[in-house]
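Visitor: This is target-v7.txt, which holds compact mmCIF, C-alpha atoms and all ligand atoms:
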# COMPACT_ATOMS: atom_id res chain seq x y z
CA MET A 1 -27.86 6.13 -31.55
CA SER A 2 -31.39 7.18 -32.36
CA ASP A 3 -32.96 8.21 -35.61
CA LEU A 4 -35.39 10.57 -33.93
CA GLU A 5 -35.52 13.98 -35.55
CA ASN A 6 -34.34 16.75 -33.21
CA LEU A 7 -36.95 19.53 -33.30
CA LEU A 8 -34.74 21.84 -31.21
CA ASP A 9 -32.15 22.12 -33.99
CA LEU A 10 -34.77 23.77 -36.21
CA THR A 11 -35.96 27.37 -36.33
CA PRO A 12 -39.59 27.71 -35.19
CA ALA A 13 -40.76 28.20 -38.79
CA HIS A 14 -38.93 25.09 -39.93
CA ALA A 15 -40.19 23.06 -36.96
CA LEU A 16 -43.73 24.20 -37.78
CA ASP A 17 -43.32 22.93 -41.36
CA ARG A 18 -42.08 19.54 -40.17
CA LEU A 19 -44.84 19.21 -37.59
CA THR A 20 -47.55 20.38 -39.99
CA ALA A 21 -46.50 17.65 -42.43
CA PHE A 22 -46.48 15.13 -39.58
CA MET A 23 -49.99 16.09 -38.44
CA ALA A 24 -51.21 15.87 -42.03
CA GLU A 25 -49.80 12.32 -42.27
CA LEU A 26 -51.85 11.43 -39.19
CA GLY A 27 -54.94 13.19 -40.54
CA LEU A 28 -54.82 15.70 -37.67
CA PRO A 29 -55.56 19.45 -37.88
CA ALA A 30 -52.69 21.91 -38.41
CA TYR A 31 -53.31 23.68 -35.10
CA ARG A 32 -51.81 20.64 -33.35
CA ALA A 33 -48.47 21.56 -34.95
CA ARG A 34 -48.70 25.10 -33.55
CA GLN A 35 -49.41 23.69 -30.10
CA VAL A 36 -46.23 21.62 -30.24
CA VAL A 37 -44.13 24.56 -31.50
CA ARG A 38 -45.34 26.58 -28.53
CA HIS A 39 -43.92 23.92 -26.23
CA LEU A 40 -40.49 23.94 -27.87
CA TRP A 41 -39.37 27.38 -26.67
CA MET A 42 -42.16 29.79 -25.68
CA ALA A 43 -43.73 27.66 -22.98
CA PRO A 44 -41.24 24.83 -23.06
CA ALA A 45 -42.16 21.32 -22.00
CA PRO A 46 -39.38 19.04 -20.76
CA ASP A 47 -40.68 16.25 -23.03
CA PHE A 48 -43.73 15.31 -25.11
CA ALA A 49 -45.41 13.59 -22.16
CA HIS A 50 -45.70 17.01 -20.48
CA MET A 51 -47.59 18.56 -23.42
CA THR A 52 -50.85 17.94 -21.64
CA ASP A 53 -52.92 20.04 -24.05
CA LEU A 54 -52.34 17.27 -26.61
CA PRO A 55 -54.15 13.91 -26.67
CA ALA A 56 -52.10 11.15 -25.00
CA ALA A 57 -51.93 9.05 -28.18
CA LEU A 58 -50.50 11.98 -30.14
CA ARG A 59 -47.88 12.63 -27.46
CA GLU A 60 -46.70 9.03 -27.88
CA GLN A 61 -46.66 9.30 -31.66
CA LEU A 62 -44.57 12.49 -31.40
CA ALA A 63 -42.12 10.86 -29.00
CA ALA A 64 -41.68 7.95 -31.42
CA ARG A 65 -40.65 10.31 -34.22
CA PHE A 66 -39.05 13.40 -32.68
CA ALA A 67 -36.51 14.25 -29.98
CA LEU A 68 -36.32 17.19 -27.57
CA PRO A 69 -32.81 16.82 -26.15
CA ARG A 70 -32.09 18.39 -22.78
CA LEU A 71 -28.84 19.75 -21.39
CA THR A 72 -27.98 18.27 -18.00
CA ALA A 73 -26.96 20.71 -15.28
CA ILE A 74 -24.13 19.00 -13.39
CA ALA A 75 -23.25 22.01 -11.25
CA ARG A 76 -25.08 25.14 -10.14
CA GLN A 77 -23.37 27.78 -8.04
CA ARG A 78 -24.83 30.97 -6.64
CA SER A 79 -22.68 34.01 -5.98
CA SER A 80 -23.29 36.35 -3.07
CA ASP A 81 -24.22 39.02 -5.68
CA GLY A 82 -27.00 36.80 -7.13
CA THR A 83 -25.06 35.68 -10.20
CA GLU A 84 -25.63 32.00 -10.90
CA LYS A 85 -23.36 29.76 -12.83
CA PHE A 86 -24.39 26.49 -14.48
CA LEU A 87 -22.22 23.74 -15.87
CA PHE A 88 -24.15 21.74 -18.50
CA ARG A 89 -23.16 18.27 -19.63
CA LEU A 90 -23.92 17.59 -23.30
CA ALA A 91 -24.97 14.25 -24.82
CA ASP A 92 -21.38 13.28 -25.77
CA GLY A 93 -19.93 14.18 -22.35
CA GLU A 94 -18.65 17.64 -23.27
CA ALA A 95 -19.43 20.38 -20.75
CA VAL A 96 -20.21 24.06 -21.22
CA GLU A 97 -20.88 26.97 -18.90
CA THR A 98 -23.81 29.36 -18.73
CA VAL A 99 -23.99 32.32 -16.34
CA ALA A 100 -27.20 34.11 -15.29
CA ILE A 101 -26.59 37.68 -14.13
CA PRO A 102 -29.55 39.46 -12.50
CA ASP A 103 -29.59 43.26 -12.50
CA GLY A 104 -32.77 45.01 -11.39
CA ASN A 105 -35.62 43.66 -13.55
CA ARG A 106 -33.23 42.22 -16.06
CA VAL A 107 -31.52 38.86 -16.21
CA THR A 108 -28.66 38.61 -18.66
CA LEU A 109 -27.69 35.10 -19.69
CA CYS A 110 -24.10 34.63 -20.77
CA ILE A 111 -24.08 31.63 -23.10
CA SER A 112 -21.45 29.42 -24.72
CA SER A 113 -21.17 28.75 -28.46
CA GLN A 114 -18.36 26.16 -28.47
CA ALA A 115 -16.99 23.53 -26.09
CA GLY A 116 -13.55 24.97 -25.44
CA CYS A 117 -12.02 27.51 -27.80
CA ALA A 118 -9.24 27.45 -30.38
CA LEU A 119 -8.15 31.05 -29.99
CA GLN A 120 -5.81 30.90 -26.98
CA CYS A 121 -6.23 34.47 -25.74
CA ALA A 122 -3.48 34.79 -23.12
CA PHE A 123 -5.72 35.74 -20.16
CA CYS A 124 -8.66 33.41 -20.85
CA ALA A 125 -9.39 30.10 -19.06
CA THR A 126 -11.35 28.70 -22.01
CA GLY A 127 -8.42 29.30 -24.34
CA ALA A 128 -6.22 27.27 -21.99
CA MET A 129 -8.45 24.19 -22.34
CA GLY A 130 -8.23 24.05 -26.14
CA PHE A 131 -11.00 23.45 -28.65
CA SER A 132 -13.30 20.43 -28.44
CA ARG A 133 -16.16 21.13 -30.81
CA ASN A 134 -18.80 23.50 -32.01
CA LEU A 135 -22.13 23.46 -30.20
CA ALA A 136 -25.23 22.48 -32.14
CA VAL A 137 -28.15 24.89 -32.52
CA HIS A 138 -30.15 23.21 -29.74
CA GLU A 139 -27.14 23.31 -27.40
CA ILE A 140 -26.80 27.06 -27.86
CA ALA A 141 -30.47 28.12 -27.67
CA GLY A 142 -31.06 25.24 -25.22
CA GLN A 143 -29.08 27.12 -22.55
CA VAL A 144 -31.91 29.68 -22.46
CA ARG A 145 -34.57 26.97 -22.70
CA GLU A 146 -33.12 25.24 -19.65
CA MET A 147 -33.54 28.47 -17.63
CA ARG A 148 -37.27 28.42 -18.44
CA LEU A 149 -37.48 24.78 -17.36
CA LEU A 150 -36.04 25.42 -13.89
CA GLU A 151 -38.32 25.38 -10.85
CA PRO A 152 -38.79 28.29 -10.39
CA PRO A 153 -37.83 29.42 -13.89
CA ILE A 154 -35.26 32.14 -14.57
CA GLN A 155 -36.83 34.62 -17.01
CA VAL A 156 -33.98 35.67 -19.27
CA THR A 157 -34.36 39.18 -20.72
CA ASN A 158 -30.93 39.61 -22.36
CA VAL A 159 -28.46 37.22 -23.94
CA VAL A 160 -24.74 37.75 -24.50
CA PHE A 161 -22.50 35.32 -26.39
CA MET A 162 -19.71 35.82 -23.86
CA GLY A 163 -19.43 32.33 -22.45
CA MET A 164 -17.10 29.69 -23.83
CA GLY A 165 -16.06 29.81 -27.47
CA GLU A 166 -16.01 32.14 -30.43
CA PRO A 167 -19.55 32.49 -31.79
CA LEU A 168 -18.50 33.74 -35.22
CA MET A 169 -16.40 30.60 -35.74
CA ASN A 170 -19.62 28.62 -35.35
CA TRP A 171 -21.87 30.78 -37.51
CA LYS A 172 -23.57 27.74 -39.04
CA ALA A 173 -25.23 27.06 -35.65
CA VAL A 174 -25.21 30.59 -34.18
CA ASP A 175 -27.18 31.96 -37.16
CA PRO A 176 -30.29 29.75 -36.62
CA ALA A 177 -29.82 29.98 -32.82
CA LEU A 178 -30.18 33.78 -33.13
CA THR A 179 -33.46 33.21 -34.97
CA ILE A 180 -34.73 30.95 -32.18
CA LEU A 181 -33.67 33.44 -29.49
CA ASN A 182 -35.40 36.37 -31.21
CA ASP A 183 -38.44 34.88 -32.97
CA PRO A 184 -41.73 35.56 -31.13
CA SER A 185 -42.58 31.89 -31.78
CA GLY A 186 -39.22 30.98 -30.27
CA LEU A 187 -37.75 32.55 -27.13
CA GLY A 188 -38.99 36.04 -28.08
CA ILE A 189 -35.99 38.05 -26.85
CA GLY A 190 -35.63 41.42 -28.58
CA ALA A 191 -32.72 41.61 -31.03
CA ARG A 192 -31.34 44.69 -29.26
CA HIS A 193 -31.13 42.56 -26.13
CA ILE A 194 -28.94 39.94 -27.83
CA THR A 195 -25.20 40.63 -28.13
CA VAL A 196 -22.71 38.60 -30.14
CA SER A 197 -19.17 39.02 -28.83
CA THR A 198 -16.25 38.25 -31.13
CA VAL A 199 -12.49 38.56 -31.33
CA GLY A 200 -13.13 40.05 -34.79
CA VAL A 201 -13.83 37.17 -37.16
CA LEU A 202 -14.34 39.26 -40.29
CA PRO A 203 -16.59 37.00 -42.42
CA GLY A 204 -18.78 36.42 -39.37
CA ILE A 205 -19.12 40.16 -38.73
CA VAL A 206 -20.27 40.60 -42.34
CA ALA A 207 -22.76 37.74 -41.96
CA LEU A 208 -24.15 39.19 -38.72
CA GLY A 209 -24.44 42.63 -40.36
CA LYS A 210 -26.51 41.13 -43.16
CA ARG A 211 -29.18 39.95 -40.76
CA PRO A 212 -32.08 42.36 -40.79
CA GLU A 213 -32.60 42.20 -37.01
CA GLN A 214 -30.80 44.68 -34.77
CA PHE A 215 -28.56 42.14 -33.02
CA ARG A 216 -25.75 43.86 -31.18
CA LEU A 217 -22.08 43.33 -31.91
CA ALA A 218 -19.30 43.53 -29.32
CA ILE A 219 -15.68 43.21 -30.37
CA SER A 220 -12.91 42.12 -28.02
CA ILE A 221 -10.20 44.68 -28.79
CA HIS A 222 -8.06 44.44 -25.62
CA ALA A 223 -5.05 46.25 -27.17
CA PRO A 224 -4.78 49.35 -29.37
CA SER A 225 -1.78 48.15 -31.43
CA ASP A 226 -1.11 45.06 -33.54
CA ALA A 227 2.08 44.22 -31.64
CA LEU A 228 0.40 44.08 -28.23
CA ARG A 229 -2.85 42.62 -29.54
CA ARG A 230 -0.99 39.80 -31.23
CA GLU A 231 0.69 38.90 -27.95
CA LEU A 232 -2.62 38.82 -26.10
CA MET A 233 -4.76 37.43 -28.91
CA PRO A 234 -2.97 35.21 -31.45
CA ILE A 235 -5.98 35.55 -33.80
CA ASN A 236 -4.77 39.09 -34.51
CA ALA A 237 -2.30 37.51 -36.98
CA LYS A 238 -5.27 36.38 -39.08
CA TYR A 239 -7.60 39.33 -38.44
CA PRO A 240 -5.38 42.38 -37.81
CA LEU A 241 -6.59 45.37 -35.89
CA ALA A 242 -6.96 47.72 -38.88
CA GLU A 243 -9.27 45.27 -40.65
CA VAL A 244 -11.30 44.65 -37.51
CA ILE A 245 -11.70 48.41 -37.01
CA GLU A 246 -12.77 48.82 -40.64
CA ALA A 247 -15.36 46.03 -40.23
CA ALA A 248 -16.69 47.81 -37.13
CA ARG A 249 -16.78 51.13 -39.01
CA VAL A 250 -18.93 49.78 -41.84
CA PHE A 251 -21.17 47.67 -39.56
CA ASP A 252 -24.60 49.23 -39.85
CA ARG A 253 -25.21 49.34 -36.10
CA ARG A 254 -23.20 50.83 -33.31
CA VAL A 255 -20.62 48.43 -31.91
CA THR A 256 -19.14 48.00 -28.45
CA PHE A 257 -15.44 47.50 -27.86
CA GLU A 258 -14.57 45.19 -25.00
CA TYR A 259 -11.28 45.98 -23.29
CA VAL A 260 -10.02 43.82 -20.45
CA MET A 261 -7.84 45.83 -18.07
CA LEU A 262 -4.48 44.11 -17.56
CA GLY A 263 -2.27 45.82 -14.98
CA GLY A 264 0.88 47.29 -16.52
CA VAL A 265 0.13 45.68 -19.89
CA ASN A 266 -2.60 47.61 -21.72
CA ASP A 267 -3.75 50.17 -19.15
CA GLY A 268 -1.37 53.11 -19.70
CA GLU A 269 -2.36 56.60 -20.80
CA GLU A 270 -0.87 56.05 -24.24
CA HIS A 271 -3.05 52.95 -24.61
CA ALA A 272 -6.10 55.05 -23.72
CA LEU A 273 -5.21 57.66 -26.33
CA ASN A 274 -4.64 55.07 -29.06
CA LEU A 275 -7.80 53.19 -28.10
CA ALA A 276 -9.77 56.45 -28.21
CA ALA A 277 -8.58 57.08 -31.77
CA LEU A 278 -9.77 53.62 -32.84
CA ALA A 279 -13.11 53.98 -31.06
CA ARG A 280 -13.67 57.40 -32.63
CA GLU A 281 -13.04 55.99 -36.09
CA CYS A 282 -16.02 53.67 -35.78
CA ARG A 283 -18.09 55.56 -33.18
CA ALA A 284 -17.73 52.62 -30.82
CA PHE A 285 -18.84 52.49 -27.23
CA VAL A 286 -16.06 51.18 -24.95
CA ASN A 287 -16.69 48.67 -22.18
CA LEU A 288 -13.78 48.34 -19.75
CA ILE A 289 -13.72 44.88 -18.16
CA PRO A 290 -11.92 44.24 -14.88
CA LEU A 291 -9.75 41.14 -15.27
CA HIS A 292 -11.42 38.15 -13.68
CA PRO A 293 -8.76 36.39 -11.65
CA GLY A 294 -8.51 32.69 -12.39
CA GLY A 295 -7.94 32.07 -16.06
CA ALA A 296 -5.22 34.60 -16.36
CA ARG A 297 -1.88 33.11 -15.45
CA GLY A 298 0.77 35.79 -15.47
CA PHE A 299 -1.60 38.77 -15.47
CA THR A 300 -2.87 41.00 -12.73
CA ALA A 301 -5.94 43.18 -12.78
CA SER A 302 -5.47 46.94 -13.16
CA THR A 303 -6.13 48.80 -9.93
CA ARG A 304 -9.52 50.48 -9.48
CA GLU A 305 -7.75 53.83 -9.60
CA ARG A 306 -6.08 52.97 -12.88
CA VAL A 307 -9.36 51.74 -14.42
CA GLY A 308 -11.05 54.97 -13.31
CA ALA A 309 -8.25 57.09 -14.75
CA PHE A 310 -8.30 55.12 -18.02
CA ALA A 311 -12.05 55.71 -18.32
CA ARG A 312 -11.54 59.44 -17.76
CA GLU A 313 -8.76 59.53 -20.36
CA LEU A 314 -11.14 57.98 -22.89
CA ARG A 315 -13.99 60.33 -21.95
CA ALA A 316 -11.68 63.32 -22.35
CA GLN A 317 -11.28 62.17 -25.96
CA GLY A 318 -15.05 62.19 -26.43
CA ILE A 319 -15.48 58.42 -26.15
CA GLU A 320 -18.49 56.91 -24.39
CA VAL A 321 -17.25 54.41 -21.87
CA ALA A 322 -18.62 52.13 -19.16
CA VAL A 323 -16.71 50.18 -16.56
CA ARG A 324 -18.24 46.75 -16.26
CA ARG A 325 -18.82 45.56 -12.75
CA SER A 326 -17.15 42.25 -12.10
CA ARG A 327 -19.86 39.79 -11.19
CA GLY A 328 -19.67 36.37 -9.62
CA VAL A 329 -16.00 36.60 -8.73
CA ASP A 330 -16.57 34.24 -5.81
CA ILE A 331 -17.93 31.51 -8.10
CA ALA A 332 -15.26 31.75 -10.80
CA ALA A 333 -17.81 33.13 -13.23
CA ALA A 334 -15.38 34.13 -15.96
CA CYS A 335 -15.09 32.39 -19.26
CA GLY A 336 -14.10 28.72 -18.76
CA GLN A 337 -13.38 28.88 -15.05
CA LEU A 338 -16.06 26.58 -13.66
CA ARG A 339 -15.37 23.82 -16.14
CA THR A 340 -11.66 24.06 -15.39
CA GLU A 341 -12.35 23.90 -11.66
CA ARG A 342 -14.69 20.89 -11.91
CA LEU A 343 -13.20 18.87 -14.71
CA GLY A 344 -9.57 19.94 -14.73
CA ARG A 345 -7.79 21.53 -17.62
CA GLY A 346 -7.54 18.25 -19.52
CA THR A 347 -5.33 17.93 -22.52
CA PRO A 348 -5.86 20.76 -24.90
CA ARG A 349 -6.88 19.31 -28.22
CA ALA A 350 -5.46 20.44 -31.54
CA PRO A 351 -6.87 23.88 -32.22
CA GLU A 352 -8.75 22.53 -35.19
CA GLN A 353 -10.14 25.56 -37.00
CA ASP A 354 -13.67 24.43 -37.53
CA GLY A 355 -14.43 28.04 -38.18
CA HIS A 356 -16.13 27.85 -41.50
CA VAL A 357 -18.39 30.83 -41.92
CA HIS A 358 -21.24 30.22 -44.25
CA VAL A 359 -22.28 33.48 -45.81
CA GLU A 360 -25.44 33.53 -47.78
CA GLY A 361 -26.24 35.43 -50.94
N1 LIG B 1 -14.81 34.65 -28.12
C1 LIG B 1 -15.64 35.79 -27.86
C2 LIG B 1 -16.66 35.58 -26.77
C3 LIG B 1 -16.26 34.88 -25.49
S1 LIG B 1 -15.32 35.71 -24.25
C4 LIG B 1 -14.78 37.00 -27.56
O1 LIG B 1 -13.59 36.82 -27.32
O2 LIG B 1 -15.28 38.11 -27.60
C5 LIG B 1 -16.21 37.12 -23.71
C6 LIG B 1 -15.30 38.21 -23.20
O3 LIG B 1 -14.66 37.83 -21.96
C7 LIG B 1 -14.18 38.54 -24.18
O4 LIG B 1 -14.04 39.94 -24.29
C8 LIG B 1 -12.97 37.93 -23.48
O5 LIG B 1 -11.77 38.49 -23.91
C9 LIG B 1 -13.30 38.19 -22.03
N2 LIG B 1 -12.49 37.43 -21.06
C10 LIG B 1 -11.90 36.22 -21.20
N3 LIG B 1 -11.24 35.88 -20.07
C11 LIG B 1 -11.40 36.89 -19.21
C12 LIG B 1 -10.95 37.14 -17.87
N4 LIG B 1 -10.20 36.26 -17.21
N5 LIG B 1 -11.31 38.31 -17.29
C13 LIG B 1 -12.10 39.21 -17.94
N6 LIG B 1 -12.55 39.03 -19.18
C14 LIG B 1 -12.21 37.89 -19.82
Before we go any further, please render this structure as structure tokens.
Guide:
Amino acid sequence: MSDLENLLDLTPAHALDRLTAFMAELGLPAYRARQVVRHLWMAPAPDFAHMTDLPAALREQLAARFALPRLTAIARQRSSDGTEKFLFRLADGEAVETVAIPDGNRVTLCISSQAGCALQCAFCATGAMGFSRNLAVHEIAGQVREMRLLEPPIQVTNVVFMGMGEPLMNWKAVDPALTILNDPSGLGIGARHITVSTVGVLPGIVALGKRPEQFRLAISIHAPSDALRRELMPINAKYPLAEVIEAARVFDRRVTFEYVMLGGVNDGEEHALNLAALARECRAFVNLIPLHPGGARGFTASTRERVGAFARELRAQGIEVAVRRSRGVDIAAACGQLRTERLGRGTPRAPEQDGHVHVEG
């Protein structure tokens, strides 16, 4: 459609290179390039016309060469607990969800990495809609940028890849997006405040572990045996539990296990004991997640009493455990629920495995 070069698909260092070359072509000083880079992420401008510290002629020349694509919020819902959920429309009509969760001085943004998801976890609304496509770099990091462009802005302090999609099946875009999120010339969010959540895509875990920054890894375990895990998470056939646990064990940072509490399915004492053994093996921290009603046809949430007992059973085995508070229940703020509500389930597309993981070196 347009041959403008998208600056928001580039890491800040790469964007600076491109802009420095551009300024040189125009015979302009290099500091002009740094001014533009500042307006990409740090102090984002909605478009070049708003970069008022640049001469008007230069703003027009930039707009003729480069693009700064926006995501369009087509729905915004606020929960009684302060959680806000956004539905963003992308340039090709796809839609993805982003959830902002305030907690004291922190705001955690739950972002999407794919439109839809190929993995079909039995209790997940995104799985039910099927896979559409991977998000581009600017569509991933852009979810945080859009928060800074709101009036008033939402100042995101933490990011979790727990929205729609499987981030480690889109490593090609997630890798540079992590750089943009963390880089002080980008969004400047500390690596320890950025969590990648995965079903256990092994090559992706290795790739994440090779990054020098201390990005956090969370693994969706959800069942302590292959038989049960395979029923809940078909991906277990490709990446079996033992291999996922081994990947977590050798990961050079401490990992978190996510465990969604499904009444009568995975919440028995024997499950707690088996889960504790796995968590001990890789010194994992366990996060118990109450089932969000909505996506989960055929499942019911474990009772509060059962969740509490399960947590105690884990603690008795020496495992560190937290029970996640369910946030935004009244606005359907679990994976995939808002899109499903607004746009319908649609026809699930073929679960095309566009999950190529590019591992460097
Ligand atoms: N694909 C990645 C990240 C997206 S989902 C992953 O699976 O880890 C983020 C977390 O939300 C996962 O642990 C997922 O299993 C969980 N989840 C999905 N549907 C849920 C629901 N209805 N209630 C509670 N948690 C859910």
Visitor: Which one is closest to Cys121 in chain A: A:Leu109, A:Val307, A:Leu228, A:Leu278? Count only C-alpha atoms.
Guide: A:Leu228
Visitor: Would you mind reading off the distance between CA of Arg312 in chain A and CA of Val286 in chain A, one decimal, in Å?
Guide: 11.8 Å
Visitor: Expressed in Å to a single decimal, how great is the separation between CA of Ile235 in chain A and CA of Lys85 in chain A?
Guide: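 Pair CA of Ile235 in chain A / CA of Lys85 in chain A returns 27.8 Å.
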Visitor: Between A:Gly163, A:Pro212, A:Pro240, A:Gly204, which has the minimum distance to ligand LIG 1 (chain B) (counting only C-alpha atoms and all ligand atoms)?
Guide: A:Gly163
Visitor: Give me the residues of chain A that have any atom at most 9 Å from an atom of ligand LIG 1 (chain B); for each, the nearest atom pair and the distance in Å, rounded to one decimal. Use all atoms listed in the file, sort by chain and number, and format it as a Markdown table.
Guide:
| residue | atom | partner | partner_atom | distance |
| --- | --- | --- | --- | --- |
| A:Cys110 | CA | B:LIG1 | C5 | 8.8 |
| A:Ile111 | CA | B:LIG1 | C3 | 8.8 |
| A:Ser112 | CA | B:LIG1 | C3 | 7.6 |
| A:Ser113 | CA | B:LIG1 | C2 | 8.4 |
| A:Cys117 | CA | B:LIG1 | N1 | 7.7 |
| A:Leu119 | CA | B:LIG1 | N1 | 7.8 |
| A:Cys121 | CA | B:LIG1 | O5 | 7.1 |
| A:Ala122 | CA | B:LIG1 | N3 | 8.4 |
| A:Phe123 | CA | B:LIG1 | N4 | 5.4 |
| A:Cys124 | CA | B:LIG1 | N3 | 3.7 |
| A:Ala125 | CA | B:LIG1 | N3 | 6.2 |
| A:Thr126 | CA | B:LIG1 | N3 | 7.4 |
| A:Gly127 | CA | B:LIG1 | N3 | 8.3 |
| A:Val160 | CA | B:LIG1 | C5 | 8.6 |
| A:Phe161 | CA | B:LIG1 | C2 | 5.9 |
| A:Met162 | CA | B:LIG1 | C5 | 3.7 |
| A:Gly163 | CA | B:LIG1 | C3 | 5.1 |
| A:Met164 | CA | B:LIG1 | C3 | 5.5 |
| A:Gly165 | CA | B:LIG1 | N1 | 5.0 |
| A:Glu166 | CA | B:LIG1 | N1 | 3.6 |
| A:Pro167 | CA | B:LIG1 | N1 | 6.4 |
| A:Leu168 | CA | B:LIG1 | N1 | 8.1 |
| A:Met169 | CA | B:LIG1 | N1 | 8.8 |
| A:Val196 | CA | B:LIG1 | C2 | 7.6 |
| A:Ser197 | CA | B:LIG1 | O2 | 4.2 |
| A:Thr198 | CA | B:LIG1 | O2 | 3.7 |
| A:Val199 | CA | B:LIG1 | O1 | 4.5 |
| A:Gly200 | CA | B:LIG1 | O2 | 7.8 |
| A:Ala218 | CA | B:LIG1 | O2 | 7.0 |
| A:Ile219 | CA | B:LIG1 | O2 | 5.8 |
| A:Ser220 | CA | B:LIG1 | O4 | 4.5 |
| A:Ile221 | CA | B:LIG1 | O4 | 7.6 |
| A:His222 | CA | B:LIG1 | O5 | 7.2 |
| A:Met233 | CA | B:LIG1 | O5 | 8.7 |
| A:Phe257 | CA | B:LIG1 | O4 | 8.5 |
| A:Glu258 | CA | B:LIG1 | O4 | 5.3 |
| A:Tyr259 | CA | B:LIG1 | O4 | 6.7 |
| A:Val260 | CA | B:LIG1 | N6 | 5.6 |
| A:Met261 | CA | B:LIG1 | C13 | 7.9 |
| A:Leu262 | CA | B:LIG1 | N5 | 9.0 |
| A:Ile289 | CA | B:LIG1 | C13 | 5.9 |
| A:Pro290 | CA | B:LIG1 | C13 | 5.9 |
| A:Leu291 | CA | B:LIG1 | N5 | 3.8 |
| A:His292 | CA | B:LIG1 | N5 | 3.6 |
| A:Pro293 | CA | B:LIG1 | N4 | 5.7 |
| A:Gly294 | CA | B:LIG1 | N4 | 6.2 |
| A:Gly295 | CA | B:LIG1 | N4 | 4.9 |
| A:Ala296 | CA | B:LIG1 | N4 | 5.3 |
| A:Ala301 | CA | B:LIG1 | N5 | 8.5 |
| A:Ser326 | CA | B:LIG1 | C13 | 8.3 |
| A:Ala334 | CA | B:LIG1 | C12 | 5.7 |
| A:Cys335 | CA | B:LIG1 | N3 | 5.3 |
| A:Gly336 | CA | B:LIG1 | N3 | 7.8 |
| A:Gln337 | CA | B:LIG1 | N4 | 8.3 |
Visitor: Next, the residues of the selection above should be written as a short mmCIF file (atom, residue, chain, number, x, y, z; two decimals), in the frame of the given file with C-alpha atoms.
Guide:
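Dumped to out.cif:
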data_model
loop_
_atom_site.label_atom_id
_atom_site.label_comp_id
_atom_site.auth_asym_id
_atom_site.auth_seq_id
_atom_site.Cartn_x
_atom_site.Cartn_y
_atom_site.Cartn_z
CA CYS A 110 -24.10 34.63 -20.77
CA ILE A 111 -24.08 31.63 -23.10
CA SER A 112 -21.45 29.42 -24.72
CA SER A 113 -21.17 28.75 -28.46
CA CYS A 117 -12.02 27.51 -27.80
CA LEU A 119 -8.15 31.05 -29.99
CA CYS A 121 -6.23 34.47 -25.74
CA ALA A 122 -3.48 34.79 -23.12
CA PHE A 123 -5.72 35.74 -20.16
CA CYS A 124 -8.66 33.41 -20.85
CA ALA A 125 -9.39 30.10 -19.06
CA THR A 126 -11.35 28.70 -22.01
CA GLY A 127 -8.42 29.30 -24.34
CA VAL A 160 -24.74 37.75 -24.50
CA PHE A 161 -22.50 35.32 -26.39
CA MET A 162 -19.71 35.82 -23.86
CA GLY A 163 -19.43 32.33 -22.45
CA MET A 164 -17.10 29.69 -23.83
CA GLY A 165 -16.06 29.81 -27.47
CA GLU A 166 -16.01 32.14 -30.43
CA PRO A 167 -19.55 32.49 -31.79
CA LEU A 168 -18.50 33.74 -35.22
CA MET A 169 -16.40 30.60 -35.74
CA VAL A 196 -22.71 38.60 -30.14
CA SER A 197 -19.17 39.02 -28.83
CA THR A 198 -16.25 38.25 -31.13
CA VAL A 199 -12.49 38.56 -31.33
CA GLY A 200 -13.13 40.05 -34.79
CA ALA A 218 -19.30 43.53 -29.32
CA ILE A 219 -15.68 43.21 -30.37
CA SER A 220 -12.91 42.12 -28.02
CA ILE A 221 -10.20 44.68 -28.79
CA HIS A 222 -8.06 44.44 -25.62
CA MET A 233 -4.76 37.43 -28.91
CA PHE A 257 -15.44 47.50 -27.86
CA GLU A 258 -14.57 45.19 -25.00
CA TYR A 259 -11.28 45.98 -23.29
CA VAL A 260 -10.02 43.82 -20.45
CA MET A 261 -7.84 45.83 -18.07
CA LEU A 262 -4.48 44.11 -17.56
CA ILE A 289 -13.72 44.88 -18.16
CA PRO A 290 -11.92 44.24 -14.88
CA LEU A 291 -9.75 41.14 -15.27
CA HIS A 292 -11.42 38.15 -13.68
CA PRO A 293 -8.76 36.39 -11.65
CA GLY A 294 -8.51 32.69 -12.39
CA GLY A 295 -7.94 32.07 -16.06
CA ALA A 296 -5.22 34.60 -16.36
CA ALA A 301 -5.94 43.18 -12.78
CA SER A 326 -17.15 42.25 -12.10
CA ALA A 334 -15.38 34.13 -15.96
CA CYS A 335 -15.09 32.39 -19.26
CA GLY A 336 -14.10 28.72 -18.76
CA GLN A 337 -13.38 28.88 -15.05
#
Visitor: Kindly indicate which residue among A:Leu208, A:Glu231, A:Val201, A:Thr195 lies nearest to Pro176 in chain A, using all atoms listed in the file for the distances.
Guide: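 When distances to Pro176 in chain A are compared using all atoms listed in the file, the smallest one comes from A:Leu208.
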Visitor: Considering only C-alpha atoms, can you say which of A:Pro69, A:Pro203, A:Gly188, A:Pro152 comes closest to Glu5 in chain A?
Guide: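 When distances to Glu5 in chain A are compared using only C-alpha atoms, the smallest one comes from A:Pro69.
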Visitor: Select, from A:Glu246, A:Asp92, A:Glu25, A:Glu146, the residue with the minimum atom-to-atom distance to Leu68 in chain A, counting all atoms listed in the file.
Guide: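 Nearest candidate to Leu68 in chain A out of A:Glu246, A:Asp92, A:Glu25, A:Glu146: A:Glu146.
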Visitor: For range 271-285 of chain A, what centre and edge lengths in Å (one decimal) does the axis-aligned box get once 4 Å is added on each side of all its listed atoms, as AutoDock Vina command-line options?
Guide:
--center_x -10.9 --center_y 55.1 --center_z -29.9 --size_x 23.8 --size_y 13.2 --size_z 20.4
